[in-house]
Amino acid sequence: MKTLIAVSRRCSCLLALQLLWLSGFAHAGAAEQLAAHLQNVNNLKAGFVQVVRDDRGEVLEESRGSMTFKRPDKLRWEVAEPYRYQIITDGETLWRYDPDFEELITEPFEQVSQTPIMILAASAEQLSGDYHVKLVAGSELQRFSLKPHKANADFSELELSFRNDLLTAMILHDKLGQTTRIDLNQVVVNSDAVVDSLFVFEQDKP
């Protein structure tokens, strides 16, 4: 990751990690449908494959790893291939750690609280207040498009795809024409194994 959460190493991670109908009623309806999907999830664990493409569709980077999310604002994002990298937050502090270089960066969570990955914790009111939300595919596969109201947002569009009520993919379009696609696999929701200690950085001991 590094793309969803902060668009850097530079084409790497999430983010981790800032995720119309023609009438206001339909717009609100799409936001409410998306919020209904999200609010059923107290926590989520998954593997991911992330592919970053430039404005011509050429692959800039592909990475693999795992993510763990817990409401309202806890996230653990770990890249395993082709290099190792961690982004961890407990909702107050954000840790970015590069184990290959033993480099740790610590900053306030507020620096990334509006990044796309945190849309997973948004309410219907927050979604409709911050984004134009549109349901662009229905039935078994549901895909939602979110476009920020603010002109100075870090991205131009975020797409979230759900299959059988499970989040399966996120696609981020930035203002430079780059596209970051994150496909989730082995998705597990509301697991008792997702405890708060997972979201506090601890450096591995040699």
# chains A, B, ... in the order shown; residues from 1 in each chain; ligands from 1
>>> select_by_dssp(residues="chain A", states="alpha helix (DSSP H)", output="list in words")
Thr3, Leu4, Ile5, Ala6, Gly24, Phe25, Ala26, His27, Ala28, Gly29, Ala30, Ala31, Glu32, Gln33, Leu34, Ala35, Ala36, His37, Leu38, Gln39, Ala124, Glu125, Gln126, Leu127, Ser128, Gly129 and Asp130 of chain A
>>> write_last_selection(atoms="C-alpha atoms", output="CSV table (one decimal), in the first residue's frame")
chain,number,residue,atom,x,y,z
A,3,THR,CA,-1.1,4.5,-2.3
A,4,LEU,CA,-4.5,4.5,-0.5
A,5,ILE,CA,-3.2,5.9,2.7
A,6,ALA,CA,-0.6,8.4,1.4
A,24,GLY,CA,-31.2,14.2,-4.4
A,25,PHE,CA,-33.4,11.4,-3.3
A,26,ALA,CA,-31.6,8.8,-5.4
A,27,HIS,CA,-28.2,10.2,-4.4
A,28,ALA,CA,-29.1,9.8,-0.7
A,29,GLY,CA,-30.5,6.3,-1.5
A,30,ALA,CA,-27.1,5.2,-2.9
A,31,ALA,CA,-25.3,6.6,0.1
A,32,GLU,CA,-27.6,4.7,2.5
A,33,GLN,CA,-27.2,1.5,0.6
A,34,LEU,CA,-23.4,1.8,0.7
A,35,ALA,CA,-23.5,2.7,4.4
A,36,ALA,CA,-25.7,-0.4,5.1
A,37,HIS,CA,-22.9,-2.6,3.6
A,38,LEU,CA,-20.2,-0.9,5.6
A,39,GLN,CA,-22.0,-0.6,8.9
A,124,ALA,CA,-24.7,7.6,5.4
A,125,GLU,CA,-24.6,11.2,6.5
A,126,GLN,CA,-20.8,11.4,6.1
A,127,LEU,CA,-20.9,9.7,2.7
A,128,SER,CA,-23.7,12.0,1.3
A,129,GLY,CA,-22.1,15.1,2.9
A,130,ASP,CA,-18.6,14.4,1.4
>>> residues_around(residues="stretch 63-72 of chain A", least_positions_apart="6", cutoff="8 Å", atoms="only C-alpha atoms", output="list in words")
Met1, Ser12, Val41, Asn42, Asn43, Leu44, Lys45, Ala46, Gly47, Phe48, Val49, Gln50, Val51, Glu78, Val79, Ala80, Glu81, Pro82, Gly91, Ala121 and Val194 of chain A
>>> atom_distance(atom1="atom CA of A:Ser161", atom2="atom CA of A:Val187")
13.1 Å
>>> closest_residue(among="A:Asn40, A:Pro108, A:Asp100, A:Leu146", to="A:Leu167", atoms="only C-alpha atoms")
A:Asn40
>>> atom_distance(atom1="atom CA of A:Ile105", atom2="atom CA of A:Asp196")
20.5 Å
>>> atom_distance(atom1="atom CA of A:Asp90", atom2="atom CA of A:Phe109")
8.1 Å
>>> closest_residue(among="A:Leu198, A:Leu166, A:Leu172, A:Glu102", to="A:Gln186", atoms="only C-alpha atoms")
A:Leu166
>>> residues_around(residues="A:Leu104", least_positions_apart="4", cutoff="12 Å", atoms="only C-alpha atoms", output="compact mmCIF listing (two decimals) with C-alpha atoms, in the first residue's frame")
# COMPACT_ATOMS: atom_id res chain seq x y z
CA TYR A 85 6.15 -2.19 4.44
CA GLN A 86 3.70 -1.54 7.26
CA ILE A 87 1.12 1.16 7.91
CA ILE A 88 -0.56 0.89 11.31
CA LEU A 94 -0.01 6.56 12.58
CA TRP A 95 3.11 4.43 12.18
CA ARG A 96 4.83 3.81 8.82
CA TYR A 97 7.59 1.24 9.03
CA ASP A 98 10.07 0.01 6.43
CA PRO A 99 11.70 -3.10 7.95
CA ASP A 100 14.26 -3.40 5.15
CA PHE A 201 3.22 -0.73 16.29
CA GLU A 202 5.75 -3.13 17.79
CA GLN A 203 9.08 -3.62 16.08
>>> residues_around(residues="A:Glu92", least_positions_apart="4", cutoff="10 Å", atoms="only C-alpha atoms", output="list in words")
Asp73, Lys74, Glu107, Pro108, Phe109, Glu110 and Ser113 of chain A
>>> closest_residue(among="A:Asp192, A:Glu58, A:Asp174, A:Asp183", to="A:Glu157", atoms="only C-alpha atoms")
A:Asp174
>>> decode(residues="stretch 42-117 of chain A", atoms="C-alpha atoms", output="PDB file, in the first residue's frame")
ATOM      1  CA  ASN A  42     -17.200  -4.141  12.775  1.00  0.00           C
ATOM      2  CA  ASN A  43     -13.873  -5.508  11.580  1.00  0.00           C
ATOM      3  CA  LEU A  44     -12.430  -6.994   8.413  1.00  0.00           C
ATOM      4  CA  LYS A  45      -9.382  -9.137   7.601  1.00  0.00           C
ATOM      5  CA  ALA A  46      -8.237  -9.915   4.069  1.00  0.00           C
ATOM      6  CA  GLY A  47      -5.342 -10.518   1.761  1.00  0.00           C
ATOM      7  CA  PHE A  48      -4.900  -8.062  -1.083  1.00  0.00           C
ATOM      8  CA  VAL A  49      -3.336  -7.643  -4.499  1.00  0.00           C
ATOM      9  CA  GLN A  50      -2.712  -4.020  -5.459  1.00  0.00           C
ATOM     10  CA  VAL A  51      -1.948  -2.874  -8.987  1.00  0.00           C
ATOM     11  CA  VAL A  52      -1.061   0.729  -9.874  1.00  0.00           C
ATOM     12  CA  ARG A  53      -1.387   1.854 -13.498  1.00  0.00           C
ATOM     13  CA  ASP A  54      -0.480   5.122 -15.165  1.00  0.00           C
ATOM     14  CA  ASP A  55      -2.777   7.195 -17.369  1.00  0.00           C
ATOM     15  CA  ARG A  56      -1.949   4.945 -20.354  1.00  0.00           C
ATOM     16  CA  GLY A  57      -2.841   1.752 -18.520  1.00  0.00           C
ATOM     17  CA  GLU A  58       0.769   0.624 -18.081  1.00  0.00           C
ATOM     18  CA  VAL A  59       1.492  -1.201 -14.825  1.00  0.00           C
ATOM     19  CA  LEU A  60       3.708   0.875 -12.527  1.00  0.00           C
ATOM     20  CA  GLU A  61       3.675  -1.468  -9.557  1.00  0.00           C
ATOM     21  CA  GLU A  62       2.073  -4.640  -8.235  1.00  0.00           C
ATOM     22  CA  SER A  63       2.180  -5.586  -4.570  1.00  0.00           C
ATOM     23  CA  ARG A  64       0.645  -8.175  -2.271  1.00  0.00           C
ATOM     24  CA  GLY A  65      -0.040  -8.332   1.422  1.00  0.00           C
ATOM     25  CA  SER A  66      -2.710  -8.308   4.097  1.00  0.00           C
ATOM     26  CA  MET A  67      -4.965  -5.786   5.780  1.00  0.00           C
ATOM     27  CA  THR A  68      -6.964  -5.644   8.998  1.00  0.00           C
ATOM     28  CA  PHE A  69      -9.544  -2.941   9.731  1.00  0.00           C
ATOM     29  CA  LYS A  70     -11.575  -2.274  12.870  1.00  0.00           C
ATOM     30  CA  ARG A  71     -14.196   0.387  13.442  1.00  0.00           C
ATOM     31  CA  PRO A  72     -14.074   3.240  13.781  1.00  0.00           C
ATOM     32  CA  ASP A  73     -10.512   4.108  12.783  1.00  0.00           C
ATOM     33  CA  LYS A  74      -8.035   1.273  13.315  1.00  0.00           C
ATOM     34  CA  LEU A  75      -6.043  -0.116  10.407  1.00  0.00           C
ATOM     35  CA  ARG A  76      -3.110  -2.470   9.858  1.00  0.00           C
ATOM     36  CA  TRP A  77      -1.837  -2.612   6.267  1.00  0.00           C
ATOM     37  CA  GLU A  78       1.157  -4.842   5.549  1.00  0.00           C
ATOM     38  CA  VAL A  79       2.857  -5.196   2.186  1.00  0.00           C
ATOM     39  CA  ALA A  80       4.722  -8.513   1.893  1.00  0.00           C
ATOM     40  CA  GLU A  81       5.808  -8.520  -1.779  1.00  0.00           C
ATOM     41  CA  PRO A  82       7.835  -7.289  -3.648  1.00  0.00           C
ATOM     42  CA  TYR A  83       9.146  -5.487  -0.534  1.00  0.00           C
ATOM     43  CA  ARG A  84       7.960  -5.228   3.067  1.00  0.00           C
ATOM     44  CA  TYR A  85       6.151  -2.191   4.439  1.00  0.00           C
ATOM     45  CA  GLN A  86       3.696  -1.537   7.257  1.00  0.00           C
ATOM     46  CA  ILE A  87       1.115   1.156   7.909  1.00  0.00           C
ATOM     47  CA  ILE A  88      -0.563   0.890  11.307  1.00  0.00           C
ATOM     48  CA  THR A  89      -2.914   3.217  13.170  1.00  0.00           C
ATOM     49  CA  ASP A  90      -4.867   2.949  16.402  1.00  0.00           C
ATOM     50  CA  GLY A  91      -6.937   6.038  15.570  1.00  0.00           C
ATOM     51  CA  GLU A  92      -4.583   8.384  17.392  1.00  0.00           C
ATOM     52  CA  THR A  93      -1.096   7.657  16.045  1.00  0.00           C
ATOM     53  CA  LEU A  94      -0.011   6.557  12.579  1.00  0.00           C
ATOM     54  CA  TRP A  95       3.110   4.430  12.176  1.00  0.00           C
ATOM     55  CA  ARG A  96       4.825   3.812   8.821  1.00  0.00           C
ATOM     56  CA  TYR A  97       7.586   1.239   9.030  1.00  0.00           C
ATOM     57  CA  ASP A  98      10.067   0.013   6.435  1.00  0.00           C
ATOM     58  CA  PRO A  99      11.698  -3.096   7.952  1.00  0.00           C
ATOM     59  CA  ASP A 100      14.257  -3.400   5.147  1.00  0.00           C
ATOM     60  CA  PHE A 101      15.734  -0.008   6.048  1.00  0.00           C
ATOM     61  CA  GLU A 102      14.567  -0.088   9.689  1.00  0.00           C
ATOM     62  CA  GLU A 103      12.921   3.288   9.101  1.00  0.00           C
ATOM     63  CA  LEU A 104       9.984   4.322  11.284  1.00  0.00           C
ATOM     64  CA  ILE A 105       7.861   7.441  10.713  1.00  0.00           C
ATOM     65  CA  THR A 106       5.315   8.452  13.348  1.00  0.00           C
ATOM     66  CA  GLU A 107       2.649  11.112  12.831  1.00  0.00           C
ATOM     67  CA  PRO A 108      -0.805  12.068  14.140  1.00  0.00           C
ATOM     68  CA  PHE A 109      -3.723  10.058  12.785  1.00  0.00           C
ATOM     69  CA  GLU A 110      -5.376  13.310  11.682  1.00  0.00           C
ATOM     70  CA  GLN A 111      -2.880  13.399   8.812  1.00  0.00           C
ATOM     71  CA  VAL A 112      -4.662  10.469   7.147  1.00  0.00           C
ATOM     72  CA  SER A 113      -8.125  10.476   8.706  1.00  0.00           C
ATOM     73  CA  GLN A 114      -9.680  11.625   5.409  1.00  0.00           C
ATOM     74  CA  THR A 115      -7.949   9.081   3.176  1.00  0.00           C
ATOM     75  CA  PRO A 116     -10.069   6.672   1.107  1.00  0.00           C
ATOM     76  CA  ILE A 117      -9.560   3.598   3.265  1.00  0.00           C
TER      77      ILE A 117
END
